[in-house]
Amino acid sequence: VNTPTIVNDGTFRVQNGTTTFNSTSIINNADMLLEGTISGSATVNFANGLVNNGTLTFDNTYASATRNLTVNISGGVLDNQGAWNVVQTGAGSSVTVTGSLDNSGTISIDRNMTLTGTGISHVNQPGGTITVQEGHTLTVTGTSSSFVNDGTITLSGVSGVSGVTTILDVSGIETFQNNGSIIGIGTVNGTVLGNAPTVGLSPGIVTINGDYHMTLGSEFEVELVGEVPVVGYDVL
């Protein structure tokens, strides 16, 4: 697709196969859906980034087989200022996004997703929210790459259990700087710099499989409502 500028104010759907957008500017103000279907997985290439002001949905709609979704941002960034929902209404599948993320909106991850790329930076801006739903993993990986969280990341594990199935994996990047909040119940793989996770959506447990470096001015918040670990008080 070589149209210089694309502005979507309706419904924009891209399904299965490989689609490449060479447009200088793509802006979604309404509904954009990138989907794997009964016909196969989908690869979508954006040569100059994507701006989402509306609702962006990544999905596999086919119930009987895996249909993966690969999104390549070769220039620019994926600039999410609206709502980005990663779902699977069909069979289990994965999402891989290669390129830089700049999020000031909301991201809900209800399907395993990987953010990857070499020498790139990801940022969750102040006011931006990223929620990893129960049983899923957000993996951020890439040589010489970094991720700065100035907003809120929520790990939606279940209170009273270890939460090992709800994971933020930053072990594959050079630095993960948490200036904002990580809340909920789950596991962080990799080194965390800055604020400690705020454990629990009610008392619960967060596991860091790596080092935690508390910098000047960093905070660690816990809930104390009883004497039983995980149920009565938070555990990091």
# chains A, B, ... in the order shown; residues from 1 in each chain; ligands from 1
>>> residues_around(residues="Ser156 in chain A", least_positions_apart="3", cutoff="7 Å", atoms="only C-alpha atoms", output="PyMOL selection string")
chain A and resi 132-134+166+184-185
>>> select_by_dssp(residues="chain A", states="strand (DSSP E or B)", output="compact mmCIF listing (two decimals) with C-alpha atoms, in the first residue's frame")
# COMPACT_ATOMS: atom_id res chain seq x y z
CA THR A 5 -1.24 9.35 4.11
CA ILE A 6 -3.89 7.08 5.60
CA VAL A 7 -6.34 8.40 8.20
CA ASN A 8 -8.90 5.89 9.44
CA THR A 11 -13.19 0.35 10.46
CA PHE A 12 -9.84 -0.73 8.98
CA ARG A 13 -9.24 -4.50 8.89
CA VAL A 14 -6.08 -6.35 7.78
CA GLN A 15 -6.31 -10.16 7.68
CA GLY A 17 -1.01 -13.06 4.55
CA THR A 18 1.59 -10.27 4.26
CA THR A 19 0.61 -6.61 3.95
CA THR A 20 3.11 -3.74 3.69
CA PHE A 21 2.23 -0.08 4.25
CA SER A 25 1.74 8.59 7.88
CA ILE A 26 -0.90 6.17 9.16
CA ILE A 27 -3.29 7.47 11.82
CA ASN A 28 -6.08 5.41 13.33
CA ASP A 31 -11.12 0.91 14.78
CA MET A 32 -8.12 -0.88 13.28
CA LEU A 33 -8.00 -4.70 13.44
CA LEU A 34 -4.98 -6.84 12.52
CA GLU A 35 -6.05 -10.50 12.44
CA GLY A 36 -5.06 -14.04 11.70
CA THR A 37 -8.03 -15.97 10.29
CA GLY A 40 -3.62 -18.21 7.84
CA ALA A 42 -0.75 -12.44 9.35
CA THR A 43 2.35 -10.28 8.85
CA VAL A 44 1.85 -6.51 8.71
CA ASN A 45 4.74 -4.16 7.87
CA PHE A 46 4.65 -0.42 8.63
CA LEU A 50 1.67 3.86 13.23
CA VAL A 51 -0.29 6.34 15.37
CA ASN A 52 -3.29 4.95 17.23
CA THR A 55 -8.92 1.29 19.21
CA LEU A 56 -6.24 -1.04 17.86
CA THR A 57 -6.97 -4.78 18.10
CA PHE A 58 -4.60 -7.70 17.46
CA ASP A 59 -6.50 -11.00 17.23
CA ASN A 60 -6.63 -14.60 16.02
CA LEU A 69 0.51 -12.18 14.15
CA THR A 70 3.78 -10.44 13.26
CA VAL A 71 3.95 -6.64 13.10
CA ASN A 72 7.13 -4.93 11.87
CA ILE A 73 7.70 -1.21 12.50
CA SER A 74 10.76 -0.53 10.34
CA GLY A 75 10.65 3.27 10.65
CA GLY A 76 9.06 5.53 13.24
CA VAL A 77 7.32 4.08 16.27
CA LEU A 78 4.09 2.43 17.31
CA ASP A 79 2.62 5.49 19.01
CA ASN A 80 -0.37 4.35 21.08
CA ALA A 83 -6.64 1.69 23.39
CA TRP A 84 -4.60 -1.26 22.14
CA ASN A 85 -6.11 -4.69 22.85
CA VAL A 86 -4.17 -7.91 22.23
CA VAL A 95 2.05 -11.78 18.74
CA THR A 96 5.49 -10.41 17.82
CA VAL A 97 6.05 -6.68 17.37
CA THR A 98 9.43 -5.57 16.02
CA GLY A 99 10.00 -1.88 16.56
CA SER A 100 9.77 0.87 19.15
CA LEU A 101 6.73 1.41 21.40
CA ASP A 102 5.67 4.80 22.75
CA ASN A 103 2.56 4.33 24.91
CA THR A 106 -3.94 1.82 27.45
CA ILE A 107 -2.63 -1.60 26.45
CA SER A 108 -4.39 -4.83 27.47
CA ILE A 109 -2.46 -8.06 26.76
CA MET A 113 3.26 -10.95 23.13
CA THR A 114 6.90 -10.13 22.37
CA LEU A 115 8.32 -6.66 21.77
CA THR A 116 11.67 -7.00 20.05
CA SER A 121 13.84 2.10 23.15
CA HIS A 122 10.34 1.53 24.51
CA VAL A 123 8.58 3.94 26.85
CA ASN A 124 5.36 3.78 28.84
CA THR A 129 -1.11 1.79 31.35
CA ILE A 130 -0.05 -1.71 30.33
CA THR A 131 -2.01 -4.66 31.75
CA VAL A 132 -0.79 -8.24 31.38
CA THR A 137 3.50 -13.07 29.21
CA LEU A 138 4.82 -9.78 27.86
CA THR A 139 8.40 -10.31 26.71
CA VAL A 140 10.61 -7.33 25.90
CA THR A 141 13.83 -8.36 24.20
CA SER A 146 15.80 -0.40 26.77
CA PHE A 147 12.38 0.01 28.35
CA VAL A 148 11.42 2.93 30.59
CA ASN A 149 8.17 2.74 32.57
CA THR A 152 1.65 1.88 35.32
CA ILE A 153 2.20 -1.79 34.51
CA THR A 154 -0.33 -4.20 36.04
CA LEU A 155 0.27 -7.94 36.41
CA SER A 156 -3.22 -9.41 36.78
CA ILE A 167 4.90 -12.52 33.56
CA LEU A 168 6.75 -9.38 32.52
CA ASP A 169 10.02 -10.63 31.00
CA VAL A 170 12.67 -7.92 30.55
CA SER A 171 15.67 -10.24 30.88
CA GLY A 172 16.51 -9.90 27.19
CA THR A 175 18.03 -1.87 30.88
CA PHE A 176 14.57 -1.74 32.41
CA GLN A 177 14.00 1.50 34.34
CA ASN A 178 10.86 1.60 36.48
CA SER A 181 4.45 1.67 39.11
CA ILE A 182 4.36 -2.07 38.67
CA ILE A 183 1.31 -3.35 40.52
CA GLY A 184 -0.47 -6.65 40.95
CA ILE A 185 0.47 -10.30 41.32
CA GLY A 186 2.96 -12.00 39.03
CA THR A 187 6.60 -12.40 38.04
CA VAL A 188 9.20 -10.04 36.63
CA ASN A 189 12.10 -11.75 34.84
CA VAL A 192 14.59 -3.85 37.79
CA LEU A 193 16.03 -0.35 38.33
CA GLY A 194 14.10 2.25 40.33
CA THR A 198 3.68 -2.57 44.44
CA VAL A 199 2.63 -6.08 45.39
CA GLY A 200 -0.95 -7.22 45.15
CA ILE A 205 3.21 -11.92 45.78
CA VAL A 206 5.51 -10.59 43.09
CA THR A 207 8.69 -12.49 42.22
CA ILE A 208 11.69 -10.78 40.62
CA ASN A 209 13.86 -13.38 38.89
CA TYR A 212 16.51 -5.16 42.07
CA HIS A 213 18.40 -1.88 42.38
CA LEU A 224 -0.58 -5.38 55.75
CA PRO A 229 2.08 -14.45 53.96
CA TYR A 233 0.51 -9.32 53.75
CA VAL A 235 5.54 -10.69 49.65
>>> atom_distance(atom1="CA of Gly217 in chain A", atom2="CA of Ala196 in chain A")
11.1 Å
>>> atom_distance(atom1="CA of Val158 in chain A", atom2="CA of Gly135 in chain A")
9.5 Å
>>> atom_distance(atom1="CA of Asp150 in chain A", atom2="CA of Glu219 in chain A")
13.6 Å
>>> closest_residue(among="A:Thr61, A:Asn68, A:Ser94, A:Ser218", to="Pro197 in chain A", atoms="only C-alpha atoms")
A:Ser218
>>> closest_residue(among="A:Val87, A:Leu216, A:Leu236, A:Asp211", to="Asn195 in chain A", atoms="only C-alpha atoms")
A:Leu216
